[in-house]
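Here's the structure, in structure tokens; my notes come after.
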Amino acid sequence: MAALSLRHTFLPTDTFGSDERRLVEEFVDEQIRPLATELDETERFPRELYTELAKIGMFGVTVPTDLGGTGATPLDYLFLMEGLSYGYSSVADQCGLVEMVGSLLAAFGTAEQHERYLRPLLAYERPCAYALTEAESGSDLGSISTRAVRDGDDWLLSGEKIYIHNAPVADFALVLAVTDPEKGKRGGISVFVVDLEQAGVTRAYHEHKMGQRASQVGGLVFDRVRLPSDALLGEEGKAFGYMMEVLAKGRLGIAGLALGISRAALAAAVQQAADRTQFGAPIGANQAISFPLATAVTELRAATALAADAAHALGSGADDAAVLCSMAKLTASEGAVRHADVAVQTFGGSGFIRGYEVERLYRDARITRIYEGTSEMQRLIISRALLPRTR
Amino acid sequence: MRILALVKQVADTYSERKLSDSDHTLDREGAEAVIDEINERAVEQALLLKEANDGSEVVVVSMGPDRATDAIRKALSMGADSAVHLSDEAIHGSCAVQTAKALTKLIGTVDGWDMVIAGNSASDGQIGAVPAMIAELLGVPSLTHANELSVEGTTVKAKRETDEGVTHLTAELPVVVSIGEKSNEPRYPSFKGIMAAKKKPVQTLDLAGAGIDASEVGLANALTTVVSASPKPPKQAGEKVTDEGDGGAKIAEFLVGQKLI
């Protein structure tokens with residue numbers, strides 16, 4: 001019987017061939033994995049590492065090549081997210097953030113916005129943030145209160161965003177704001193490209209998180225920030241549709257990130273089960289240890305297949321792509337939390353000690369059930385697709 | 001400037017490497033084949049010079065079995081422009097002198113080159129003489145074990161660092177340079193570089209194509225042969241120091257005995 005290894009991902013790729021796959025693995029092994037413990041401990045923002053990712057072309061992999069991207073498919077993006085996260089999930093999350101903002105700028109930006117923001121972002125000369133969430137607006141995107149009001153040709157932006165990834169370090173942000181309160185989320189919300197180094201913008205605070213601690217998260221406060229008319233991304237009032245357009249890709253990315261955490265946790269656990277001896281035998285000789293691992297790896301393999309399925313659907317523009325991406329995100333993220341738990345249990349006391357990879361993975365996994373749409377929101381989306389007439 | 005980078009595919013130093021039982025040549029099936037790390041540095045050095053000198057190009061020169069194309073492609077994806085590859089079953093088992101002669105002929109198929117950059121020693125044979133032999137056969141200066149390299153006009157300057165000190169070498173183009181471990185950190189290829197490499201020209205030549213007579217290469221004609229080989233003896237059990245309050249002193253004594261401190 002062939003040995004089952006977690007050394008390589010189970011994911012297939014589209015435009016990425018064996019050379020690209022080897023490159024991602026080598027880069028992760030040599031440049032990311034050795035840094036993860038230090039980054040987690042110090043909450044450091046590894047800008048120099050992100051510059052390296054940009055040089056390889058890992059930022060904006062699905063953005064067309066003529067706009068500075070790599071021109072790959074959602075399946076390739078899924079593979080990249082899984083691989084980076086196998087190294088360290090904060091690095092994958094940075095890649096996911098750039099992919100989302102890059103996709104929005106590529107799809108809806110003007111030629112000038114492409115030059116001024118998209119290309120420098122993909123080269124990581126200008127880090128970005130994606131400012132949606134507010135204190136009273138999480139899953140309920142339509143309830144945001146940040147306002148942009150016309151002032152001659154300009155806009156005046158006021159409001160407060162919280163839990164914004166990259167807020168402490170970003171150079172510019174895509175900011176969601178109400179432009180017409182009468183119209184609500186369909187027609188009343190717009191996206192602005194906002195330079196953060198300007199009067200009226202305050203980086204409010206820097207959060208300290210349970211996991212993915214190298215990801216910089218904080219608040220952004222806008223106090224009558226003057227924006228020129230060309231700060232608007234796409235058309236006025238179309239933001240909700242734009243967000244929906246990239247949401248599925250975002251969820252697919254987090255599915256990949258969660259799969260990477262699972263694989264890293266289970267690879268470490270399998271190694272421990274083989275190496276650690278108690279009562280004169282490797283602990284993996286006990287079914288109490290080996291069966292949970294067998295179950296977890298089977299779940300991981302299934303979640304991987306589902307995510308690949310969702311990526312294919314998204315790449316081909318299939319009708320059910322968004323629901324499949326929700327299913328993939330739900331399955332992979334719930335799996336990551338369970339599998340990190342199995343890994344900690346396999347390690348016993350060591351799994352509870354700082355400096356052990358599985359201890360970090362246990363903390364890093366937890367947010368995957370929350371961000372980019374909670375598990376509950378994913379179930380809501382899936383159930384609505386399942387029972388459309390009961391709404 | 002046209003710069004030639006010599007590239008060799010070797011067994012990955014991280015995998016188990018062994019010699020074949022039949023002719024004591026490298027068992028290529030047993031280990032993962034990769035571009036030799038020192039050659040990645042040679043390619044990087046060539047690319048740095050290319051970037052510093054407008055209008056330059058980098059040509060990869062390699063000799064080895066068909067699957068050496070993987071190593072060549074890696075060099076092309078890093079940014080080299082084209083490659084020539086000598087692939088012929090008859091070169092199997094060639095010694096260092098034959099290799100240098102064959103590579104010299106292969107280099108001769110490239111028009112108007114200015115510099116050949118090689119690694120100072122391959123991680124498999126570890127002979128470390130081929131670059132100097134090539135320079136001798138080509139009749140050009142040989143700047144070996146360089147850790148820093150620069151070109152101004154037609155003058156090449158290299159810095160060689162050893163335990164004894166730093167040697168500054170200067171020569172006029174064309175030259176053969178071999179570079180050391182500390183010369184640079186090779187870049188990763190980019191996704192675009194990998195895609196572009198697939199379209200870059202690789203000229204594959206057999207012995208006749210490179211103007212080499214079959215009697216000049218191969219195990220049967222080699223000047224040196226491996227007569228016998230035996231596996232590395234298993235690791236000896238280490239010396240155990242029991243700490244009876246004087247553990248530190250005992251370890252220090254041991255290290256002094258080994259001339260480590």
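Labeling convention for the structure tokens: chains A, B, ... as they appear, residues from 1 per chain, ligands from 1 in order of appearance.
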Quick one: which chain A residues come within 8 Å of chain B, and what is the nearest atom pair for each with the distance in Å to one decimal, counting only C-alpha atoms, rows ordered by chain and ascending number, as a tab-separated table?
```
residue	atom	partner	partner_atom	distance
A:Asp19	CA	B:Ile194	CA	7.0
A:Glu20	CA	B:Phe191	CA	6.4
A:Leu23	CA	B:Pro189	CA	7.5
A:Phe27	CA	B:Tyr188	CA	7.8
A:Lys55	CA	B:Ser190	CA	6.6
A:Ile56	CA	B:Ser190	CA	3.9
A:Gly57	CA	B:Phe191	CA	5.8
A:Met58	CA	B:Phe191	CA	7.9
A:Thr70	CA	B:Lys192	CA	6.8
```
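Shortest separation to Asn147 in chain B among B:Ile179, B:Ala11, B:Ala214, B:Ile3 occurs at residue B:Ile179, atoms counted being only C-alpha atoms.
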Closest contacts (range 71-119 of chain B/range 44-47 of chain B, max 7 Å, only C-alpha atoms) as a tab-separated table:
```
residue	atom	partner	partner_atom	distance
B:Gly79	CA	B:Leu47	CA	6.9
B:Ala80	CA	B:Leu47	CA	6.9
B:Ile117	CA	B:Ala46	CA	6.9
```
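In terms of minimum interatomic distance to Gly125 in chain B, B:Lys18 ranks closest within B:Arg41, B:Lys18, B:Lys101, B:Lys50, counting only C-alpha atoms.
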Write down as a count of residues only the residues belonging to range 166-330 of chain A that are assigned strand (DSSP E or B) by DSSP computed on the backbone.
-> 38
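Distances here use only C-alpha atoms; by that measure, the residue among A:Arg263, A:Arg363, A:Arg7, A:Lys185 closest to Thr298 in chain A is A:Arg263.
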Interatomic distance (Å, one decimal) between CA of Thr109 in chain B and CA of Gly209 in chain B |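 We find that CA of Thr109 in chain B and CA of Gly209 in chain B lie 9.1 Å from each other.
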